[in-house]
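Novice: One structure, as structure tokens, below. Some questions next.
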Amino acid sequence: MVKTVRSAAAAPAAGARAAPDAAPDAAAGAGAPVAAPRRARPLPPSERRAALIAATLPLIRQHGADVSTRQIAEAAGVAEGTIFRVFPDKESLIGEAISSAFDPVSAVAQLRGIDLSLPLEDRLTEAVQLLHARVAAVVALMMALRHRPPASGGGHDDRREQDGLVDRAVVALIEPDRAQLRVPPVEAARLLRFLTVASAMPWLNEGKPLRPRQIVATVLDGIRKREEP
């Protein structure tokens with residue numbers, strides 16, 4: 001009787017499963033480390049809060065109150081759970097984002113950075129550009145939220161105080177040339193703010209907002225002293 005001899009190479013080891021022909025590189029890559037997803041670097045709580053607010057504001061303008069915490073987390077480059085370690089819920093985050101849009105600190109700092117050696121028209125044109133951008137951003141936010149009121153604590157008195165901070169920064173820009181004007185600098189600042197705010201309102205400007213230099217020229221032509229004939 002002739003015994004059949006099987007090649008050792010052809011016979012798989014007991015209990016072993018034959019590797020599929022279509023995956024020759026699987027074994028080679030089995031031990032390769034898998035790259036972990038990139039995460040935002042650790043930040044102190046105050047900086048993390050500010051970063052989340054900064055990521056949330058443009059999303060509110062795009063999605064309104066329907067923005068999800070997942071969208072916010074992706075924009076901020078953090079895990080979704082990170083949001084709830086900083087804010088108790090989405091509403092709290094949205095509320096603080098709205099409050100930050102009304103906060104005048106950044107606008108006041110920019111106004112104070114305008115070069116006082118520039119001519120009055122140029123100083124005020126820069127100021128109006130800054131103020132118009134700020135008002136337009138707030139208006140877009142309110143429209144996205146369907147005119148939802150500001151977050152708790154943002155009452156009429158608070159907004160008046162915020163406007164006062166901005167007005168005083170504009171007054172400081174006008175003060176060096178007060179001798180040219182027929183009204184006090186504080187009145188000139190108030191007129192500039194009123195016209196700038198009105199120009200930024202879509203329901204008032206008919207889609208044609210005034211240019212900053214137009215606003216400045218309109219105000220100065222009305223309040224500047226004229227030479228007697």
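Identifiers in the structure tokens: chain A, B, ... in order shown; residue index from 1 per chain; ligand index from 1 in order shown.
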Find the residues around Gly81 of chain A up to 10 Å (only C-alpha atoms counted), leave out those fewer than 4 positions away in its own chain, and share them as a list in words.
Specialist: Thr69, Arg70, Ala73, Arg85 and Val86 of chain A
Novice: Considering only C-alpha atoms, return as a list in words whatever protein or nucleic-acid residues lie within 10 Å of His132 of chain A, sequence-local ones (same chain, fewer than 6 positions apart) excluded.
Specialist: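 Contacts, with the query itself left out: Glu126, Val138, Arg193, Leu195, Thr196, Val197, Ala198, Ser199, Ala200, Met201, Pro209, Leu210, Arg211 and Pro212 of chain A.
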Novice: Can I get the selection written as a PDB file, in the first residue's frame, with C-alpha atoms?
Specialist:
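selection34.pdb was written with the following content:
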ATOM      1  CA  GLU A 126     -11.455 104.518  11.594  1.00  0.00           C
ATOM      2  CA  VAL A 138     -24.568  92.023  16.935  1.00  0.00           C
ATOM      3  CA  ARG A 193     -23.038 106.431  17.172  1.00  0.00           C
ATOM      4  CA  LEU A 195     -25.913 107.342  12.534  1.00  0.00           C
ATOM      5  CA  THR A 196     -23.563 104.340  12.591  1.00  0.00           C
ATOM      6  CA  VAL A 197     -26.123 102.127  14.342  1.00  0.00           C
ATOM      7  CA  ALA A 198     -28.899 103.182  11.955  1.00  0.00           C
ATOM      8  CA  SER A 199     -26.692 102.491   8.945  1.00  0.00           C
ATOM      9  CA  ALA A 200     -25.984  98.951  10.207  1.00  0.00           C
ATOM     10  CA  MET A 201     -29.691  98.038  10.538  1.00  0.00           C
ATOM     11  CA  PRO A 209     -25.447 101.128   4.330  1.00  0.00           C
ATOM     12  CA  LEU A 210     -23.591 104.408   4.437  1.00  0.00           C
ATOM     13  CA  ARG A 211     -19.844 104.218   4.071  1.00  0.00           C
ATOM     14  CA  PRO A 212     -17.880 105.227   7.189  1.00  0.00           C
TER      15      PRO A 212
END
Novice: Find the spatial neighbours of segment 163-173 of chain A, counting only C-alpha atoms, within a cut-off of 7 Å - ignore same-chain residues fewer than 5 positions away - and output them as a PyMOL selection string.
Specialist: chain A and resi 104+108+111-112+116+123+185-186+189-190
Novice: Just to confirm, what's the straight-line distance from atom CA of Asn205 of chain A to atom CA of Val139 of chain A in Å (one decimal)?
Specialist: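 Taking atom CA of Asn205 of chain A as the start and atom CA of Val139 of chain A as the end point, the length is 12.8 Å.
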Novice: Can you tell me, as a list in words, what residues are no more than 12 Å from Pro45 of chain A when counting only C-alpha atoms, ignoring any on the same chain fewer than 5 positions away?
Specialist: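 Here the qualifying residues turn out to be Ala50, Ala51, Leu52, Thr82, Ile83, Arg85, Val86 and Phe87 of chain A.
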Novice: Let me see the file: selected residues, N, CA, C and O atoms, as a JSON list (two decimals), in the first residue's frame.
Specialist:
[["chain", "number", "residue", "atom", "x", "y", "z"],
["A", 50, "ALA", "N", -13.23, 81.03, 27.00],
["A", 50, "ALA", "CA", -13.16, 82.04, 25.94],
["A", 50, "ALA", "C", -13.08, 81.37, 24.57],
["A", 50, "ALA", "O", -13.69, 81.85, 23.60],
["A", 51, "ALA", "N", -12.33, 80.28, 24.46],
["A", 51, "ALA", "CA", -12.20, 79.59, 23.18],
["A", 51, "ALA", "C", -13.53, 78.99, 22.73],
["A", 51, "ALA", "O", -13.88, 79.02, 21.54],
["A", 52, "LEU", "N", -14.28, 78.44, 23.67],
["A", 52, "LEU", "CA", -15.59, 77.87, 23.33],
["A", 52, "LEU", "C", -16.57, 78.96, 22.89],
["A", 52, "LEU", "O", -17.35, 78.78, 21.95],
["A", 82, "THR", "N", -16.12, 68.11, 26.83],
["A", 82, "THR", "CA", -15.37, 69.25, 27.37],
["A", 82, "THR", "C", -16.29, 70.45, 27.58],
["A", 82, "THR", "O", -16.12, 71.22, 28.54],
["A", 83, "ILE", "N", -17.27, 70.63, 26.71],
["A", 83, "ILE", "CA", -18.20, 71.76, 26.83],
["A", 83, "ILE", "C", -18.90, 71.71, 28.18],
["A", 83, "ILE", "O", -19.04, 72.73, 28.87],
["A", 85, "ARG", "N", -17.94, 70.38, 30.88],
["A", 85, "ARG", "CA", -17.06, 70.60, 32.04],
["A", 85, "ARG", "C", -16.85, 72.08, 32.27],
["A", 85, "ARG", "O", -16.31, 72.49, 33.31],
["A", 86, "VAL", "N", -17.25, 72.91, 31.30],
["A", 86, "VAL", "CA", -17.09, 74.36, 31.41],
["A", 86, "VAL", "C", -18.43, 75.05, 31.58],
["A", 86, "VAL", "O", -18.56, 76.00, 32.36],
["A", 87, "PHE", "N", -19.45, 74.58, 30.85],
["A", 87, "PHE", "CA", -20.79, 75.15, 30.94],
["A", 87, "PHE", "C", -21.78, 74.07, 31.34],
["A", 87, "PHE", "O", -21.64, 72.92, 30.91]]
Novice: A:Leu118, A:Ala107, A:Val128, A:Ile53: which is nearest Asp177 of chain A, counting only C-alpha atoms?
Specialist: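 Smallest distance to Asp177 of chain A is found for A:Leu118.
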Novice: Leaving out Leu57 of chain A and any residue of its chain fewer than 4 positions from it, which residues lie within 12 Å of it when counting only C-alpha atoms, given as an mmCIF file with N, CA and C atoms, in the first residue's frame?
Specialist:
data_model
loop_
_atom_site.group_PDB
_atom_site.id
_atom_site.type_symbol
_atom_site.label_atom_id
_atom_site.label_comp_id
_atom_site.auth_asym_id
_atom_site.auth_seq_id
_atom_site.Cartn_x
_atom_site.Cartn_y
_atom_site.Cartn_z
ATOM 1 N N ALA A 50 -13.233 81.031 27.004
ATOM 2 C CA ALA A 50 -13.160 82.036 25.941
ATOM 3 C C ALA A 50 -13.077 81.375 24.567
ATOM 4 N N ALA A 51 -12.333 80.278 24.458
ATOM 5 C CA ALA A 51 -12.201 79.586 23.176
ATOM 6 C C ALA A 51 -13.531 78.988 22.730
ATOM 7 N N LEU A 52 -14.283 78.438 23.666
ATOM 8 C CA LEU A 52 -15.588 77.869 23.328
ATOM 9 C C LEU A 52 -16.570 78.961 22.890
ATOM 10 N N ILE A 53 -16.525 80.097 23.567
ATOM 11 C CA ILE A 53 -17.393 81.216 23.191
ATOM 12 C C ILE A 53 -17.032 81.712 21.794
ATOM 13 N N ARG A 61 -24.566 82.594 14.426
ATOM 14 C CA ARG A 61 -24.974 83.426 13.288
ATOM 15 C C ARG A 61 -25.407 82.562 12.105
ATOM 16 N N GLN A 62 -24.845 81.355 12.015
ATOM 17 C CA GLN A 62 -25.178 80.470 10.898
ATOM 18 C C GLN A 62 -26.403 79.612 11.184
ATOM 19 N N HIS A 63 -26.512 79.094 12.417
ATOM 20 C CA HIS A 63 -27.560 78.124 12.734
ATOM 21 C C HIS A 63 -28.580 78.625 13.761
ATOM 22 N N GLY A 64 -28.336 79.793 14.349
ATOM 23 C CA GLY A 64 -29.227 80.268 15.401
ATOM 24 C C GLY A 64 -29.127 79.397 16.643
ATOM 25 N N ALA A 65 -30.212 79.328 17.403
ATOM 26 C CA ALA A 65 -30.206 78.542 18.638
ATOM 27 C C ALA A 65 -30.187 77.044 18.374
ATOM 28 N N VAL A 67 -27.916 75.460 16.835
ATOM 29 C CA VAL A 67 -26.545 74.942 16.785
ATOM 30 C C VAL A 67 -26.398 73.834 17.824
ATOM 31 N N GLN A 71 -21.428 70.403 16.948
ATOM 32 C CA GLN A 71 -20.862 71.381 16.014
ATOM 33 C C GLN A 71 -19.890 72.315 16.722
ATOM 34 N N ILE A 72 -20.263 72.744 17.923
ATOM 35 C CA ILE A 72 -19.394 73.640 18.692
ATOM 36 C C ILE A 72 -18.088 72.931 19.044
ATOM 37 N N ALA A 75 -15.849 72.700 16.032
ATOM 38 C CA ALA A 75 -15.263 73.998 15.688
ATOM 39 C C ALA A 75 -14.161 74.383 16.662
ATOM 40 N N ALA A 76 -14.325 74.010 17.924
ATOM 41 C CA ALA A 76 -13.340 74.359 18.951
ATOM 42 C C ALA A 76 -12.207 73.343 19.028
ATOM 43 N N LEU A 93 -23.982 78.319 27.456
ATOM 44 C CA LEU A 93 -22.928 78.698 26.515
ATOM 45 C C LEU A 93 -23.445 79.739 25.519
ATOM 46 N N ILE A 94 -24.643 79.524 24.981
ATOM 47 C CA ILE A 94 -25.210 80.488 24.041
ATOM 48 C C ILE A 94 -25.425 81.834 24.726
ATOM 49 N N GLY A 95 -25.911 81.803 25.972
ATOM 50 C CA GLY A 95 -26.123 83.047 26.706
ATOM 51 C C GLY A 95 -24.844 83.830 26.903
ATOM 52 N N GLU A 96 -23.766 83.144 27.255
ATOM 53 C CA GLU A 96 -22.495 83.853 27.450
ATOM 54 C C GLU A 96 -21.925 84.341 26.126
ATOM 55 N N ALA A 97 -22.170 83.587 25.053
ATOM 56 C CA ALA A 97 -21.706 84.033 23.736
ATOM 57 C C ALA A 97 -22.407 85.328 23.336
ATOM 58 N N ILE A 98 -23.707 85.404 23.598
ATOM 59 C CA ILE A 98 -24.455 86.624 23.283
ATOM 60 C C ILE A 98 -23.928 87.790 24.114
ATOM 61 N N SER A 99 -23.722 87.558 25.408
ATOM 62 C CA SER A 99 -23.196 88.621 26.266
ATOM 63 C C SER A 99 -21.854 89.117 25.775
ATOM 64 N N SER A 100 -21.012 88.200 25.296
ATOM 65 C CA SER A 100 -19.683 88.601 24.824
ATOM 66 C C SER A 100 -19.781 89.477 23.587
ATOM 67 N N ALA A 101 -20.819 89.253 22.757
ATOM 68 C CA ALA A 101 -20.977 90.079 21.559
ATOM 69 C C ALA A 101 -21.302 91.518 21.922
ATOM 70 N N PHE A 102 -21.966 91.730 23.057
ATOM 71 C CA PHE A 102 -22.308 93.078 23.503
ATOM 72 C C PHE A 102 -21.182 93.715 24.327
ATOM 73 N N ALA A 137 -22.233 92.872 13.522
ATOM 74 C CA ALA A 137 -22.084 91.527 14.080
ATOM 75 C C ALA A 137 -23.175 91.230 15.100
ATOM 76 N N VAL A 138 -23.510 92.213 15.939
ATOM 77 C CA VAL A 138 -24.568 92.023 16.935
ATOM 78 C C VAL A 138 -25.925 91.869 16.251
ATOM 79 N N ALA A 140 -26.533 90.718 13.231
ATOM 80 C CA ALA A 140 -26.579 89.395 12.608
ATOM 81 C C ALA A 140 -26.870 88.317 13.643
ATOM 82 N N LEU A 141 -26.305 88.474 14.824
ATOM 83 C CA LEU A 141 -26.525 87.512 15.902
ATOM 84 C C LEU A 141 -27.987 87.520 16.337
ATOM 85 N N MET A 142 -28.553 88.702 16.538
ATOM 86 C CA MET A 142 -29.939 88.815 16.965
ATOM 87 C C MET A 142 -30.901 88.286 15.902
ATOM 88 N N ALA A 144 -30.220 85.936 13.706
ATOM 89 C CA ALA A 144 -30.103 84.475 13.696
ATOM 90 C C ALA A 144 -30.884 83.851 14.837
ATOM 91 N N LEU A 145 -30.976 84.570 15.955
ATOM 92 C CA LEU A 145 -31.714 84.077 17.115
ATOM 93 C C LEU A 145 -33.164 84.545 17.106
#
Novice: Using DSSP assignments from the backbone, pull out every residue in segment 24-135 of chain A that falls under helix (DSSP H, G or I) and give it to me as a ChimeraX atom specification.
Specialist: /A:26-29,45-66,69-76,80-86,90-102,105-112,120-135
Novice: Between atom CA of Ile60 of chain A and atom CA of Gly207 of chain A, what is the distance, to one decimal in Å?
Specialist: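 Separating atom CA of Ile60 of chain A from atom CA of Gly207 of chain A is a distance of 22.3 Å.
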Novice: Of the candidates A:Val183, A:Ile174, A:Leu220, A:Ala133, which shows the shortest atom-to-atom distance to Asp115 of chain A, using only C-alpha atoms?
Specialist: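 Counting only C-alpha atoms, the residue closest to Asp115 of chain A is A:Ile174.
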Novice: Could you work out how far atom CA of Leu192 of chain A lies from atom CA of Ile215 of chain A, giving the answer in Å with one decimal?
Specialist: 7.2 Å
Novice: Which of these residues is nearest to Pro184 of chain A, using only C-alpha atoms: A:Leu204, A:Ala55, A:Ile223, A:Ala217?
Specialist: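 So, comparing all the options, the nearest one is A:Ile223.
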Novice: Residues near Pro42 of chain A, anyone? I mean within 10 Å using only C-alpha atoms, not counting same-chain ones fewer than 5 positions away, as a list in words.
Specialist: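 Counting only the stated atoms, we get Glu47, Arg48 and Val78 of chain A.
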